[in-house]
Each structure stands twice: as C-alpha cells, then as structure tokens.
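Participant: I'm passing along entry-v3.cif; it holds mmCIF, C-alpha atoms.
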```
data_protein
#
loop_
_atom_site.label_atom_id
_atom_site.label_comp_id
_atom_site.auth_asym_id
_atom_site.auth_seq_id
_atom_site.Cartn_x
_atom_site.Cartn_y
_atom_site.Cartn_z
CA MET A 696 125.60 127.38 119.35
CA THR A 697 125.61 125.59 122.68
CA SER A 698 125.96 122.05 123.89
CA SER A 699 122.18 121.73 123.44
CA SER A 700 122.60 121.87 119.64
CA LYS A 701 122.47 118.51 117.94
CA LEU A 702 125.23 117.50 115.56
CA TYR A 703 125.54 114.43 113.35
CA VAL A 704 128.99 113.10 112.44
CA ILE A 705 128.35 110.64 109.63
CA LYS A 706 130.90 108.32 108.06
CA ILE A 707 130.33 106.55 104.76
CA GLY A 708 132.56 103.75 103.65
CA GLY A 709 134.06 102.96 100.29
CA GLN A 710 131.31 100.48 99.43
CA VAL A 711 128.80 103.36 99.35
CA ILE A 712 131.08 105.50 97.22
CA ASP A 713 131.70 102.63 94.79
CA ASP A 714 127.95 102.01 94.31
CA GLU A 715 126.55 104.89 92.24
CA ALA A 716 122.91 104.25 93.15
CA ALA A 717 123.67 103.84 96.86
CA CYS A 718 125.82 106.97 96.88
CA ALA A 719 123.16 109.07 95.15
CA ASP A 720 120.52 107.87 97.61
CA PHE A 721 122.80 108.54 100.57
CA LEU A 722 123.64 112.07 99.43
CA GLN A 723 119.97 112.93 98.97
CA GLN A 724 119.19 111.74 102.49
CA PHE A 725 122.26 113.46 103.93
CA ALA A 726 121.39 116.77 102.26
CA ALA A 727 117.82 116.53 103.58
CA LEU A 728 118.90 115.71 107.14
CA PRO A 729 118.05 118.81 109.23
CA GLY A 730 120.48 120.50 111.55
CA LEU A 731 124.25 120.51 111.91
CA LYS A 732 126.28 117.74 110.32
CA VAL A 733 129.76 116.63 109.31
CA LEU A 734 130.48 114.02 106.63
CA VAL A 735 133.56 111.78 106.71
CA HIS A 736 134.20 109.60 103.67
CA GLY A 737 136.41 106.64 102.88
CA GLY A 738 138.19 106.02 99.62
CA GLY A 739 136.56 103.05 97.97
CA LYS A 740 138.30 101.12 95.22
CA LEU A 741 138.96 104.12 92.98
CA ALA A 742 142.48 104.70 94.34
CA THR A 743 143.43 101.10 93.58
CA ARG A 744 141.99 101.31 90.05
CA MET A 745 143.66 104.66 89.42
CA GLY A 746 146.93 103.30 90.77
CA GLU A 747 146.81 100.42 88.32
CA ARG A 748 146.43 102.90 85.47
CA LEU A 749 149.44 104.84 86.76
CA GLY A 750 151.56 101.77 87.47
CA ILE A 751 151.31 102.12 91.26
CA THR A 752 150.65 98.79 92.98
CA SER A 753 148.72 98.77 96.25
CA HIS A 754 150.23 96.77 99.10
CA TYR A 755 148.34 95.70 102.22
CA VAL A 756 149.22 94.09 105.54
CA GLN A 757 146.26 92.61 107.43
CA GLY A 758 143.92 94.68 105.27
CA ARG A 759 145.72 97.97 105.91
CA ARG A 760 147.21 99.90 103.01
CA ILE A 761 150.95 100.56 103.06
CA THR A 762 151.39 104.23 102.16
CA ASP A 763 154.75 104.84 100.51
CA GLU A 764 155.53 108.15 98.79
CA ALA A 765 153.91 107.18 95.48
CA THR A 766 150.81 105.83 97.24
CA LEU A 767 150.53 109.00 99.32
CA GLN A 768 150.49 111.08 96.15
CA LEU A 769 147.88 108.73 94.70
CA VAL A 770 145.49 108.80 97.68
CA THR A 771 145.90 112.56 98.03
CA MET A 772 144.79 113.01 94.43
CA VAL A 773 141.94 110.53 94.69
CA TYR A 774 140.69 110.97 98.26
CA GLY A 775 141.40 114.65 98.80
CA GLY A 776 140.79 115.62 95.19
CA LEU A 777 138.47 113.60 92.99
CA ILE A 778 136.23 111.84 95.54
CA ASN A 779 136.05 114.72 98.01
CA LYS A 780 135.25 117.35 95.40
CA GLN A 781 132.73 115.14 93.62
CA LEU A 782 130.86 114.65 96.90
CA VAL A 783 130.98 118.38 97.61
CA ALA A 784 129.74 119.26 94.12
CA ARG A 785 126.88 116.77 94.37
CA LEU A 786 125.87 118.13 97.77
CA GLN A 787 125.87 121.68 96.38
CA ALA A 788 123.51 120.48 93.63
CA LEU A 789 121.20 119.22 96.38
CA GLY A 790 121.17 122.59 98.14
CA CYS A 791 123.64 121.57 100.86
CA SER A 792 126.41 124.14 101.34
CA ALA A 793 129.43 121.89 101.83
CA ILE A 794 133.15 122.53 102.11
CA GLY A 795 135.69 119.80 101.38
CA LEU A 796 138.62 119.44 103.75
CA THR A 797 141.66 117.38 104.56
CA GLY A 798 143.24 117.64 107.99
CA ALA A 799 145.68 120.21 106.62
CA ASP A 800 142.94 122.67 105.63
CA MET A 801 142.49 125.21 108.44
CA ASP A 802 144.79 122.86 110.39
CA VAL A 803 141.66 120.98 111.50
CA MET A 804 143.42 117.67 112.24
CA ARG A 805 147.10 117.08 113.01
CA ALA A 806 148.05 113.44 113.32
CA THR A 807 151.21 111.58 114.30
CA LYS A 808 153.02 109.42 111.77
CA ARG A 809 152.57 105.82 112.84
CA PRO A 810 155.82 104.54 114.39
CA VAL A 811 157.57 101.63 112.75
CA LYS A 812 157.17 98.41 114.74
CA GLU A 813 156.65 95.02 113.12
CA VAL A 814 155.35 96.79 110.01
CA ASP A 815 156.32 100.09 108.41
CA TYR A 816 153.02 101.53 107.23
CA GLY A 817 154.72 104.55 105.69
CA TRP A 818 152.85 107.86 105.60
CA VAL A 819 149.97 106.75 107.80
CA GLY A 820 148.65 108.99 110.55
CA ASP A 821 147.38 108.08 114.01
CA LEU A 822 144.80 110.52 115.35
CA THR A 823 143.25 111.25 118.74
CA ALA A 824 140.37 113.52 119.72
CA GLU A 825 142.92 115.95 121.21
CA ASP A 826 144.40 116.37 117.71
CA VAL A 827 141.12 117.78 116.35
CA ARG A 828 140.63 121.57 116.32
CA ALA A 829 137.05 121.81 117.55
CA ASP A 830 137.12 125.61 117.22
CA ALA A 831 137.74 125.37 113.47
CA PHE A 832 134.77 123.05 113.01
CA ILE A 833 132.59 125.30 115.16
CA GLN A 834 133.59 128.28 112.99
CA LEU A 835 132.55 126.44 109.83
CA LEU A 836 129.31 125.12 111.30
CA HIS A 837 128.43 128.57 112.64
CA ALA A 838 128.93 129.91 109.10
CA GLY A 839 126.36 127.41 107.79
CA GLN A 840 128.90 125.12 106.14
CA VAL A 841 128.88 121.32 106.14
CA PRO A 842 132.45 119.98 106.45
CA VAL A 843 133.18 117.00 104.17
CA LEU A 844 136.35 115.31 105.41
CA ALA A 845 138.67 113.21 103.26
CA PRO A 846 140.67 110.49 105.07
CA LEU A 847 143.84 112.58 105.09
CA THR A 848 145.53 114.45 107.93
CA HIS A 849 148.93 116.14 108.30
CA ASP A 850 151.81 116.12 110.78
CA GLY A 851 152.39 119.87 111.10
CA GLN A 852 155.78 119.47 109.37
CA GLY A 853 154.48 119.69 105.83
CA HIS A 854 153.64 116.02 105.33
CA LEU A 855 150.19 114.67 104.56
CA LEU A 856 149.17 111.40 106.21
CA ASN A 857 146.76 108.69 105.09
CA THR A 858 144.37 108.21 108.04
CA ASN A 859 141.56 105.74 108.71
CA ALA A 860 138.15 107.31 108.07
CA ASP A 861 136.50 105.49 111.02
CA THR A 862 139.16 106.93 113.31
CA ILE A 863 138.64 110.43 111.93
CA ALA A 864 134.87 110.20 112.43
CA SER A 865 135.24 108.96 116.01
CA CYS A 866 137.82 111.59 116.94
CA VAL A 867 135.84 114.47 115.42
CA ALA A 868 132.70 113.27 117.19
CA VAL A 869 134.44 113.08 120.56
CA ALA A 870 136.17 116.44 120.10
CA LEU A 871 132.88 118.16 119.30
CA SER A 872 130.89 116.41 122.03
CA ALA A 873 131.91 119.12 124.52
CA HIS A 874 130.08 121.66 122.36
CA PHE A 875 127.15 119.75 120.85
CA GLN A 876 124.88 116.78 121.44
CA VAL A 877 126.74 114.52 119.04
CA GLN A 878 125.40 111.44 117.32
CA LEU A 879 128.06 109.39 115.51
CA VAL A 880 126.85 107.41 112.51
CA PHE A 881 128.66 104.59 110.71
CA CYS A 882 127.05 103.65 107.40
CA PHE A 883 128.16 100.25 106.15
CA ASP A 884 126.96 97.35 104.01
CA GLN A 885 124.68 95.60 106.52
CA LYS A 886 121.31 96.58 107.96
CA GLY A 887 122.82 96.88 111.43
CA VAL A 888 124.32 94.68 114.11
CA LEU A 889 122.78 91.26 113.55
CA ARG A 890 121.57 88.84 116.22
CA ARG A 891 122.06 86.02 113.74
CA PRO A 892 124.96 86.88 111.39
CA ASP A 893 123.52 84.65 108.65
CA ASP A 894 120.13 86.43 108.78
CA PRO A 895 120.38 89.97 107.32
CA ASP A 896 117.01 90.92 108.84
CA SER A 897 117.86 89.96 112.43
CA VAL A 898 118.88 93.52 113.34
CA ILE A 899 119.31 94.39 117.02
CA PRO A 900 117.74 97.85 117.39
CA LEU A 901 119.51 98.89 120.61
CA ILE A 902 122.65 97.69 122.37
CA ARG A 903 123.97 98.83 125.75
CA PRO A 904 127.17 97.62 127.43
CA GLY A 905 125.25 95.24 129.66
CA ASP A 906 123.82 93.47 126.62
CA VAL A 907 127.19 92.44 125.22
CA PRO A 908 127.97 89.33 127.33
CA ALA A 909 124.65 87.66 126.45
CA LEU A 910 125.03 88.58 122.78
CA MET A 911 128.51 87.11 122.74
CA GLU A 912 127.22 83.93 124.36
CA GLU A 913 124.55 83.71 121.64
CA GLY A 914 127.26 84.03 119.00
CA ALA A 915 125.79 87.27 117.66
CA LEU A 916 128.94 89.40 117.71
CA ARG A 917 131.13 87.96 114.98
CA ASP A 918 132.88 89.09 111.79
CA GLY A 919 134.51 92.18 113.20
CA ILE A 920 131.41 93.65 114.85
CA LEU A 921 132.88 93.48 118.37
CA PRO A 922 135.67 96.01 117.59
CA LYS A 923 133.01 98.35 116.14
CA LEU A 924 131.03 98.05 119.37
CA ASP A 925 134.15 98.65 121.47
CA ASN A 926 134.86 101.82 119.49
CA ALA A 927 131.23 102.91 119.76
CA PHE A 928 131.11 102.48 123.54
CA ALA A 929 134.46 104.27 123.86
CA ALA A 930 133.05 107.22 121.91
CA CYS A 931 129.96 107.26 124.14
CA ARG A 932 132.09 107.19 127.29
CA ALA A 933 134.06 110.13 125.90
CA GLY A 934 130.93 112.24 125.49
CA VAL A 935 129.18 111.17 122.27
CA GLU A 936 125.43 110.90 122.90
CA GLN A 937 124.91 107.72 120.89
CA VAL A 938 126.26 105.79 117.92
CA PHE A 939 124.18 104.52 115.01
CA ILE A 940 125.42 101.61 112.90
CA GLY A 941 123.44 100.81 109.79
CA PRO A 942 123.02 101.07 106.03
CA ALA A 943 123.39 104.29 104.08
CA HIS A 944 119.67 104.43 103.31
CA ALA A 945 118.71 104.50 107.01
CA LEU A 946 119.46 108.16 107.76
CA SER A 947 115.73 108.85 108.11
CA ALA A 948 115.75 106.71 111.26
CA LEU A 949 118.27 108.92 113.06
CA SER A 950 115.75 111.16 114.79
CA ALA A 951 114.10 108.19 116.54
CA SER A 952 115.23 106.98 119.95
CA SER A 953 115.29 103.50 118.43
CA THR A 954 114.76 102.58 114.82
CA GLY A 955 111.63 100.51 115.25
CA GLN A 956 112.41 98.99 111.88
CA ASN A 957 114.52 96.12 110.60
CA PHE A 958 117.52 98.31 109.92
CA GLY A 959 119.93 100.27 112.05
CA THR A 960 121.40 99.63 115.50
CA ILE A 961 121.75 102.31 118.16
CA ILE A 962 124.62 102.05 120.65
CA ARG A 963 124.21 103.78 124.01
CA LEU A 964 125.61 103.60 127.52
#
```
Can you dump the structure from the file as structure tokens?
Facilitator:
Amino acid sequence: MTSSSKLYVIKIGGQVIDDEAACADFLQQFAALPGLKVLVHGGGKLATRMGERLGITSHYVQGRRITDEATLQLVTMVYGGLINKQLVARLQALGCSAIGLTGADMDVMRATKRPVKEVDYGWVGDLTAEDVRADAFIQLLHAGQVPVLAPLTHDGQGHLLNTNADTIASCVAVALSAHFQVQLVFCFDQKGVLRRPDDPDSVIPLIRPGDVPALMEEGALRDGILPKLDNAFAACRAGVEQVFIGPAHALSALSASSTGQNFGTIIRL
C-alpha cells in the first residue's frame, strides 16, 4: 500500500446508531463501499438509558459528558462492548471483515487525560494525530480488516478514557494521510451544510476556505456548522484530501468530485 491508495475514514454519530432503519441502511452502504475504510462510531443514547437502569445518572456541562469512575465503566461496557460488537457482527453478516477496537487494543490510540480547569471532566481523553499509531492501522488494513473504533482511548497507565468520536475520526484521518489518500466523512442528521439553515434542501455541494466569508455574511453558517468547517479545513491542511459532511445514506456520493445532488457537502482547500 502506498500513498496513492484511497482510504475512507467515516464517522457515524449517535443519531444514526439510535435509528434502527438508518443504521441498517448505513451499514449496507458502508459494507458495499469499495476500497480501504475505517469506521468510527459515537455512543448514541443507549449509555444514558442503560445507566438509568443501573442507577448511574449522566451529568453534562455544555453538552459534554462528565466521566466519573462509574460512568467510565458504563461507557466502556456500552461503547466498547455492546455497540461496537453489534456493529462488527452486522458488518460480518454483510460480508465486511471488520475488527472492533478501542484505543487500548494494539495500543492504536493513547490519549492524555483532560486537565482540570474550570471543569473536571473526569476520565476524558484528549487526542492528537501524533497519538495515533498509523503502523497498527496499516497492519490491519493490509490484512484486509476494517477497523471499527469505539470512542474510547487509554493513557498508557492502565486507564481507559472516554474520547470524542469526531476527534478520533479527525486524528486517525490526519495520521493516515501520510500513507493514503484520505477522505474524512462525517455522517450527521442533515443533508449537508445548508445555505439557508431553515431549508433542508439548500445544500452547498462544495466549500473552500475562500467561500467562508461570503457564506457567513449570508448567514449560512449557523448552529454549530462553523466549528465543523474549522475542523474540516484543519484536517485538510494537515494532509487529508477532502472532508465530506452529509447524511448517512449519502455514501454512494463519495466517489464523485462533487455530489451533484441535494445532499452532501465536500470541504476542500
């Protein structure tokens, strides 16, 4: 495998996992996607529901989960166990040879426990591309395996760490961009980046850095889209070929230079 080989790093959020029909459709498209690929998944609402059954209350600060010891055990069971292995099993049924991993498996991702500042997030890990073992992923991909990554890393001292799935996807994509032509894909609950946020069909098919000021002036980049674009451009500047932001059912559009349809936005330099 050389840098001319294409690789997709695809992240699905919890809303896809929580929706049985959407998840089944996504997995079929993912399994059918030709070439090398890595799947990163979020956790969905299952950990919260399971925690309620076990008497573990979820606590959040500005939308971010506080991971105390009990919560770490919970998300390890749910993210690294139930959700990860269900996805792997379903991919095997679709003829996709997948292997489920946390960051601790093969030491593929070592993170740093987030330092305590205004908020103590507990056992939460901060990850960079330098923390990703590209050689381990290359070994698995060369063996014909599709890594399926749970949003869990480790600190190298025996502690698991709850880690943002978007961050994991971005870091893995950047780390592997020195070895492959990497396309990073974020599947979420909109058709793409919208020119008019109140019109779900007003998808912008292609965005480059020079387009951002005019889009901001038009009021297009609202509701948290701007941070996604900042992260996408940062990944591209670090070596990722392009970033695709769109719905889970749009994987068939990935091979096109632009979608040409009313779903999916491509981010390029």
Participant: What residues have an atom no more than 7 Å from (125.5, 115.2, 111.8) in the file's own frame, counting all atoms listed in the file, and can you write them as a list in words?
Facilitator: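 Those residues lying close to the given coordinates are Leu702, Tyr703, Val704, Ile705, Leu731, Lys732, Val733 and Gln878 of chain A.
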Participant: As JSON, what would the box around stretch 715-729 of chain A look like: edges along x, y and z, 8 Å added on every side, centre and edge lengths in Å to one decimal?
Facilitator:
```
{"center_x": 122.2, "center_y": 111.3, "center_z": 100.7, "size_x": 24.7, "size_y": 31.0, "size_z": 33.0}
```
Participant: Determine, counting all atoms listed in the file, every residue of protein, DNA or RNA that lies within 7 Å of (134.9, 103.8, 97.9) in the file coordinates, then give the result as a compact mmCIF listing (two decimals) with C-alpha atoms, keeping the file's coordinate frame.
Facilitator:
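What ended up in part_33.txt:
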```txt
# COMPACT_ATOMS: atom_id res chain seq x y z
CA GLY A 708 132.56 103.75 103.65
CA GLY A 709 134.06 102.96 100.29
CA GLN A 710 131.31 100.48 99.43
CA VAL A 711 128.80 103.36 99.35
CA ILE A 712 131.08 105.50 97.22
CA ASP A 713 131.70 102.63 94.79
CA GLY A 737 136.41 106.64 102.88
CA GLY A 738 138.19 106.02 99.62
CA GLY A 739 136.56 103.05 97.97
CA LYS A 740 138.30 101.12 95.22
CA LEU A 741 138.96 104.12 92.98
```
Participant: Report, in Å to a single decimal, how far apart atom CA of A:Arg932 and atom CA of A:Leu901 are.
Facilitator: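 So the two atoms, atom CA of A:Leu901 and atom CA of A:Arg932, lie 16.5 Å apart.
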Participant: Provide the atom CA of A:Val841 to atom CA of A:Val783 distance in Å, to one decimal place.
Facilitator: 9.3 Å
Participant: Find the residues around A:Ala831 up to 9 Å (all atoms listed in the file counted), leave out those fewer than 4 positions away in its own chain, and share them as number ranges by chain.
Facilitator: A: 801-803, 827, 835-836
